[in-house]
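Dumped query.txt below, it's compact mmCIF, C-alpha atoms (C1' of nucleotides):
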```txt
# COMPACT_ATOMS: atom_id res chain seq x y z
CA MET A 641 -11.35 -46.04 0.88
CA ASN A 642 -8.68 -43.38 1.20
CA ILE A 643 -7.94 -42.29 4.77
CA VAL A 644 -5.55 -39.64 6.09
CA THR A 645 -4.24 -38.53 9.48
CA TRP A 646 -2.88 -35.02 10.02
CA ASN A 647 -1.80 -33.18 13.15
CA VAL A 648 -2.63 -29.61 12.08
CA ASN A 649 -1.32 -27.81 15.22
CA SER A 650 -4.24 -25.35 15.42
CA LEU A 651 -7.19 -25.61 13.04
CA ASN A 652 -7.71 -21.85 13.37
CA VAL A 653 -4.38 -21.30 11.63
CA ARG A 654 -4.54 -24.31 9.32
CA LEU A 655 -8.17 -24.27 8.10
CA PRO A 656 -7.12 -22.89 4.67
CA HIS A 657 -4.50 -25.65 4.41
CA VAL A 658 -7.09 -28.30 5.28
CA LEU A 659 -9.67 -26.98 2.78
CA ARG A 660 -7.09 -26.89 0.00
CA TYR A 661 -5.92 -30.41 0.94
CA LEU A 662 -9.50 -31.73 0.74
CA ASP A 663 -9.88 -30.14 -2.67
CA GLU A 664 -6.60 -31.56 -4.00
CA HIS A 665 -6.74 -35.08 -2.56
CA THR A 666 -10.47 -35.71 -1.84
CA PRO A 667 -9.84 -38.31 0.89
CA ASP A 668 -12.84 -40.31 2.12
CA VAL A 669 -11.78 -39.71 5.72
CA LEU A 670 -9.44 -37.11 7.25
CA ALA A 671 -8.59 -37.44 10.95
CA LEU A 672 -7.18 -34.29 12.55
CA GLN A 673 -5.30 -33.78 15.81
CA GLU A 674 -4.34 -30.71 17.83
CA THR A 675 -7.27 -28.68 16.53
CA LYS A 676 -7.05 -26.45 19.65
CA VAL A 677 -10.65 -25.31 19.07
CA PRO A 678 -13.53 -25.51 21.59
CA ASP A 679 -16.59 -27.25 20.10
CA GLU A 680 -18.69 -24.08 20.09
CA ARG A 681 -16.12 -22.43 17.81
CA PHE A 682 -15.40 -25.37 15.49
CA PRO A 683 -15.47 -24.27 11.81
CA GLN A 684 -18.17 -26.80 10.90
CA ALA A 685 -19.85 -24.65 8.21
CA ASP A 686 -16.58 -24.15 6.26
CA ILE A 687 -15.92 -27.88 6.23
CA GLU A 688 -19.48 -28.74 5.22
CA ALA A 689 -19.28 -26.16 2.43
CA ALA A 690 -16.33 -28.18 1.11
CA GLY A 691 -18.58 -31.25 0.85
CA TYR A 692 -17.51 -33.01 4.04
CA GLN A 693 -19.28 -34.03 7.22
CA VAL A 694 -17.44 -33.66 10.50
CA VAL A 695 -17.50 -34.79 14.11
CA PHE A 696 -15.22 -33.20 16.68
CA CYS A 697 -14.15 -33.11 20.29
CA GLY A 698 -12.05 -30.11 21.25
CA GLN A 699 -10.96 -27.66 23.89
CA LYS A 700 -9.30 -24.27 24.16
CA THR A 701 -5.52 -23.94 23.56
CA TYR A 702 -4.54 -27.63 23.68
CA ASN A 703 -5.35 -31.02 22.14
CA GLY A 704 -8.60 -31.57 20.20
CA VAL A 705 -9.50 -34.17 17.56
CA ALA A 706 -11.87 -34.21 14.60
CA ILE A 707 -12.94 -36.65 11.88
CA LEU A 708 -13.95 -35.32 8.46
CA SER A 709 -15.69 -37.70 6.07
CA LYS A 710 -17.64 -37.79 2.84
CA ASN A 711 -20.12 -40.27 4.33
CA THR A 712 -21.97 -40.05 7.63
CA ALA A 713 -20.29 -41.07 10.87
CA SER A 714 -22.32 -43.16 13.32
CA ASN A 715 -21.82 -44.47 16.86
CA VAL A 716 -19.61 -41.46 17.65
CA GLN A 717 -17.74 -41.72 20.93
CA ALA A 718 -15.58 -38.96 22.45
CA GLY A 719 -12.92 -40.01 24.94
CA MET A 720 -12.37 -43.36 26.62
CA PRO A 721 -15.27 -44.43 28.89
CA GLU A 722 -12.98 -46.02 31.49
CA PHE A 723 -10.46 -43.15 31.62
CA ASP A 724 -11.65 -39.84 32.99
CA ASP A 725 -9.52 -37.23 31.25
CA ALA A 726 -10.05 -33.49 30.74
CA GLN A 727 -7.69 -33.60 27.72
CA ARG A 728 -9.54 -34.16 24.43
CA ARG A 729 -7.45 -36.82 22.72
CA VAL A 730 -9.73 -39.60 21.43
CA LEU A 731 -12.63 -39.66 18.99
CA ALA A 732 -14.12 -42.87 17.61
CA ALA A 733 -16.77 -43.24 14.91
CA THR A 734 -18.02 -45.80 12.40
CA ILE A 735 -17.80 -44.72 8.73
CA ASN A 736 -18.40 -46.95 5.69
CA GLY A 737 -18.70 -49.89 8.09
CA VAL A 738 -15.21 -49.26 9.48
CA ARG A 739 -14.55 -48.41 13.14
CA ILE A 740 -12.21 -45.41 13.06
CA ILE A 741 -10.35 -44.29 16.18
CA ASP A 742 -8.63 -40.90 15.94
CA VAL A 743 -5.95 -40.44 18.63
CA TYR A 744 -3.64 -37.73 19.86
CA ILE A 745 -1.39 -39.67 22.22
CA PRO A 746 0.32 -37.50 24.88
CA ASN A 747 3.77 -36.20 23.99
CA GLY A 748 5.33 -37.00 27.38
CA GLN A 749 7.84 -34.14 27.26
CA GLU A 750 10.78 -36.03 28.80
CA VAL A 751 11.37 -39.61 29.95
CA GLY A 752 10.81 -39.79 33.71
CA SER A 753 8.83 -36.54 33.93
CA GLU A 754 5.32 -36.20 35.32
CA LYS A 755 4.02 -35.84 31.75
CA TYR A 756 5.80 -39.09 30.83
CA GLN A 757 4.01 -40.88 33.68
CA TYR A 758 0.73 -39.48 32.35
CA LYS A 759 1.63 -40.74 28.86
CA LEU A 760 2.21 -44.27 30.21
CA ARG A 761 -1.04 -44.23 32.23
CA TRP A 762 -2.84 -42.93 29.17
CA LEU A 763 -1.37 -45.70 27.00
CA ASP A 764 -2.45 -48.31 29.56
CA ALA A 765 -6.01 -47.05 29.30
CA PHE A 766 -5.86 -46.82 25.52
CA SER A 767 -4.58 -50.40 25.19
CA ALA A 768 -7.61 -51.65 27.12
CA PHE A 769 -9.98 -49.42 25.13
CA LEU A 770 -8.50 -50.62 21.84
CA GLN A 771 -8.79 -54.27 22.87
CA GLN A 772 -12.49 -53.72 23.62
CA GLN A 773 -13.03 -51.92 20.30
CA MET A 774 -11.26 -54.67 18.34
CA GLN A 775 -13.50 -57.30 19.91
CA ALA A 776 -16.54 -55.33 18.79
CA HIS A 777 -15.42 -54.43 15.24
CA ASP A 778 -13.95 -56.65 12.50
CA LYS A 779 -12.85 -53.68 10.41
CA LEU A 780 -10.96 -51.15 12.49
CA ILE A 781 -8.44 -48.36 11.96
CA VAL A 782 -6.57 -46.51 14.68
CA LEU A 783 -4.77 -43.48 13.34
CA GLY A 784 -3.32 -40.22 14.55
CA ASP A 785 -0.33 -38.63 16.23
CA PHE A 786 1.06 -41.45 18.38
CA ASN A 787 4.09 -39.49 19.59
CA ILE A 788 5.98 -42.81 19.29
CA ALA A 789 8.68 -43.63 16.75
CA PRO A 790 8.34 -47.43 16.58
CA ALA A 791 11.93 -48.28 15.55
CA ASP A 792 15.32 -46.73 14.83
CA ILE A 793 14.58 -46.75 11.08
CA ASP A 794 11.88 -44.17 11.82
CA ILE A 795 14.39 -41.56 13.05
CA HIS A 796 16.80 -39.39 11.07
CA ASP A 797 19.47 -39.77 13.75
CA PRO A 798 18.77 -42.79 16.00
CA LEU A 799 21.86 -42.28 18.17
CA ARG A 800 20.88 -38.72 19.02
CA TRP A 801 17.37 -39.89 19.93
CA GLN A 802 18.26 -43.15 21.68
CA GLY A 803 16.11 -43.61 24.81
CA LYS A 804 14.64 -40.13 24.43
CA ILE A 805 10.95 -39.23 24.48
CA MET A 806 8.98 -40.91 21.65
CA CYS A 807 11.75 -43.52 21.33
CA SER A 808 11.97 -45.11 24.78
CA GLU A 809 11.53 -48.87 25.14
CA ARG A 810 8.44 -48.48 27.32
CA GLU A 811 6.69 -46.31 24.73
CA ARG A 812 7.70 -48.62 21.89
CA ALA A 813 6.38 -51.64 23.82
CA TYR A 814 2.85 -50.17 23.65
CA PHE A 815 3.17 -49.75 19.88
CA SER A 816 4.49 -53.32 19.48
CA ALA A 817 1.56 -54.60 21.55
CA MET A 818 -0.87 -52.99 19.11
CA LEU A 819 0.85 -54.81 16.23
CA ASN A 820 0.87 -58.06 18.22
CA SER A 821 -2.87 -57.70 18.71
CA GLY A 822 -3.24 -58.04 14.92
CA LEU A 823 -3.11 -54.48 13.61
CA ILE A 824 -0.92 -53.60 10.64
CA ASP A 825 1.32 -50.53 10.50
CA CYS A 826 0.21 -49.68 6.95
CA VAL A 827 3.02 -47.28 6.00
CA ARG A 828 5.75 -49.57 7.34
CA ALA A 829 4.20 -52.65 5.72
CA LEU A 830 4.19 -50.98 2.29
CA HIS A 831 7.40 -48.97 2.77
CA PRO A 832 10.17 -50.93 4.49
CA GLU A 833 12.66 -48.21 3.62
CA ALA A 834 13.89 -45.42 5.91
CA GLY A 835 12.79 -41.81 5.53
CA MET A 836 9.01 -42.08 5.87
CA HIS A 837 9.03 -39.24 8.39
CA SER A 838 5.87 -37.41 9.39
CA TRP A 839 7.13 -34.73 11.83
CA TRP A 840 9.94 -32.20 11.61
CA ASP A 841 10.65 -29.83 14.52
CA TYR A 842 10.04 -26.15 13.80
CA ARG A 843 13.45 -25.46 15.34
CA LEU A 844 16.96 -25.99 13.98
CA ASN A 845 15.83 -25.73 10.37
CA ALA A 846 14.84 -29.38 10.75
CA PHE A 847 12.68 -29.78 7.62
CA PRO A 848 15.22 -28.52 5.03
CA ARG A 849 17.79 -30.77 6.70
CA ASN A 850 15.23 -33.62 6.69
CA TRP A 851 15.71 -34.15 10.40
CA GLY A 852 12.39 -35.94 10.69
CA ILE A 853 10.76 -38.67 12.74
CA ARG A 854 7.87 -41.05 11.96
CA ILE A 855 5.35 -40.58 14.79
CA ASP A 856 2.03 -40.31 12.90
CA HIS A 857 0.55 -43.70 12.05
CA VAL A 858 -2.31 -45.57 10.45
CA LEU A 859 -2.88 -49.03 11.95
CA ALA A 860 -5.54 -51.23 10.34
CA THR A 861 -6.97 -54.71 10.66
CA PRO A 862 -5.80 -57.07 7.85
CA THR A 863 -9.44 -57.26 6.67
CA LEU A 864 -9.03 -53.74 5.26
CA HIS A 865 -6.25 -54.70 2.82
CA ALA A 866 -4.04 -51.61 2.73
CA GLU A 867 -2.67 -51.44 -0.81
CA ALA A 868 -0.88 -48.07 -0.95
CA ALA A 869 0.39 -45.56 1.61
CA GLY A 870 2.61 -42.53 1.92
CA VAL A 871 3.40 -39.15 3.43
CA HIS A 872 2.33 -35.89 1.78
CA ARG A 873 5.51 -34.16 2.81
CA GLN A 874 4.88 -31.24 0.43
CA GLU A 875 2.41 -29.97 3.06
CA ARG A 876 5.34 -29.46 5.43
CA ALA A 877 6.90 -27.16 2.81
CA GLN A 878 3.83 -24.88 2.50
CA GLU A 879 3.58 -21.33 3.81
CA ARG A 880 3.00 -21.36 7.58
CA PRO A 881 2.86 -25.17 7.75
CA SER A 882 1.99 -27.52 10.58
CA ASP A 883 5.08 -29.27 11.93
CA HIS A 884 3.42 -32.57 10.85
CA ALA A 885 2.71 -33.82 7.32
CA PRO A 886 -0.43 -35.82 6.39
CA VAL A 887 -0.02 -39.61 6.34
CA TRP A 888 -2.35 -41.39 3.91
CA VAL A 889 -3.42 -44.98 3.22
CA GLU A 890 -5.53 -46.51 0.44
CA LEU A 891 -7.58 -49.49 1.61
CA ALA A 892 -9.16 -52.01 -0.79
CA GLY A 893 -11.31 -53.64 1.89
CA ALA A 894 -13.60 -50.70 2.58
C1' DA B 11 26.59 -24.58 20.51
C1' DT B 12 21.84 -29.26 24.90
C1' DG B 13 21.12 -24.43 20.71
C1' DG B 14 15.90 -22.91 18.40
C1' DT B 15 10.33 -22.02 16.41
C1' DT B 16 5.38 -21.95 16.55
C1' DG B 17 0.64 -21.50 18.76
C1' DT B 18 -1.99 -19.65 22.33
C1' DA B 19 -2.63 -15.54 24.34
C1' DC B 20 -0.20 -11.52 26.24
C1' DG B 21 3.36 -14.44 30.18
C1' DA B 22 4.68 -18.71 30.20
C1' DC B 23 3.94 -23.27 28.67
C1' DA B 24 3.47 -27.16 25.42
C1' DA B 25 5.32 -29.36 21.59
```
Written form, structure tokens:
Amino acid sequence: MNIVTWNVNSLNVRLPHVLRYLDEHTPDVLALQETKVPDERFPQADIEAAGYQVVFCGQKTYNGVAILSKNTASNVQAGMPEFDDAQRRVLAATINGVRIIDVYIPNGQEVGSEKYQYKLRWLDAFSAFLQQQMQAHDKLIVLGDFNIAPADIDIHDPLRWQGKIMCSERERAYFSAMLNSGLIDCVRALHPEAGMHSWWDYRLNAFPRNWGIRIDHVLATPTLHAEAAGVHRQERAQERPSDHAPVWVELAGA
DNA sequence: ATGGTTGTACGACAA
């Protein structure tokens, strides 16, 4: 199974990019974040015309997640049952016998801010939700925009970013806990080298300078046997691109 | 230089 995560930063703007990507790469599953589309206006027909099924959970202006797949999704769950949240950031579904959890983890804005506190509360809830999901499913993938750079090797300029949002010790501790629970960071496991960035700021000419950070991740149970992974960074070089590139993983165990 | 760009929506705010 080939699975991809992509923060598209508005599906209204990026629908043509997504349709072309599906045509070029034909992934089995594509998890999107920041669709910024209410459910009643989701472009379901366009995606189905491309040969994909889709489940989605969105809202106006902010957030929003969707899972596109060749095969049917079952046991679809929007949001975390134990965490009442107006922000649409979680969508779980079972596809090809694999539990897939699509996440858009809060950005947090700045360490110490109110939004940072929300990010930490949100991560507390997600940790509990993930633990429950892992107990229920032997084959599980959690993927999406984590807004966490797990280690200094994931940052173009670690000194500049030290202790900043997405790099603070408290945020990284949540990521480490997911690995300690038995999940594998597929891209890092297959690519120990630096430079596997997934996000480049629109500002400061960051992409041409390769001032990137690795904050989009695919974590999988060892039962899924990730055998190849990478970043489709050419998508960041397209006309009117998202500020994130797709991150893909090929799994032999599903 | 603590800079600047994009999306949403039409003025800020989020990222």
Proximal residues of chain B relative to chain A (all atoms listed in the file; 10 Å) as an NGL selection string: :B and (13-19 or 24-25)
Long-range neighbours of Gln684 in chain A as an MDAnalysis selection string, 9 Å cut-off, only C-alpha atoms (C1' of nucleotides), 2 positions minimum in chain: chainID A and resid 681:682 686:689 693:695
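Taking CA of Leu780 in chain A and CA of Gly852 in chain A as the two end points, the separation is 27.9 Å.
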CA of Ser753 in chain A to CA of His796 in chain A, straight-line distance in Å: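 Taking CA of His796 in chain A and CA of Ser753 in chain A, their separation equals 24.4 Å.
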12 Å contact set for range 804-818 of chain A, only C-alpha atoms (C1' of nucleotides), chain neighbours under 4 positions out, as a PyMOL selection string: (chain A and resi 745-753+755-771+774+781-783+785-795+797-800+822-825+839+853-861) or (chain B and resi 25)
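When CA of Ala718 in chain A is paired with CA of Thr734 in chain A, their separation reads 12.4 Å.
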Pro848 in chain A environment, 10 Å, only C-alpha atoms (C1' of nucleotides), sequence neighbours closer than 5 positions dropped, as a PyMOL selection string: chain A and resi 840+876-877
Nearest candidate to Cys826 in chain A (options A:Ala726, A:Val669, A:Ile740, A:Val887; using only C-alpha atoms): A:Val887
Would you give the centre and edge lengths, in Å to one decimal, of a box along x, y and z around the listed atoms of range 14-18 of chain B, with 5 Å added to each side, as AutoDock Vina command-line options?
```
--center_x 7.0 --center_y -21.3 --center_z 19.4 --size_x 27.9 --size_y 13.3 --size_z 15.9
```
Surrounding residues of Glu867 in chain A excluding itself and chain neighbours under 5 positions, 12 Å, all atoms listed in the file, as a list of chain:residue names: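 Selected residues are A:Met641, A:Asn642, A:Ile643, A:Ile824, A:Cys826, A:Val827, A:Arg828, A:Ala829, A:Leu830, A:His831, A:Ala860, A:Pro862, A:Trp888, A:Val889, A:Glu890, A:Leu891, A:Ala892, A:Gly893, A:Ala894.
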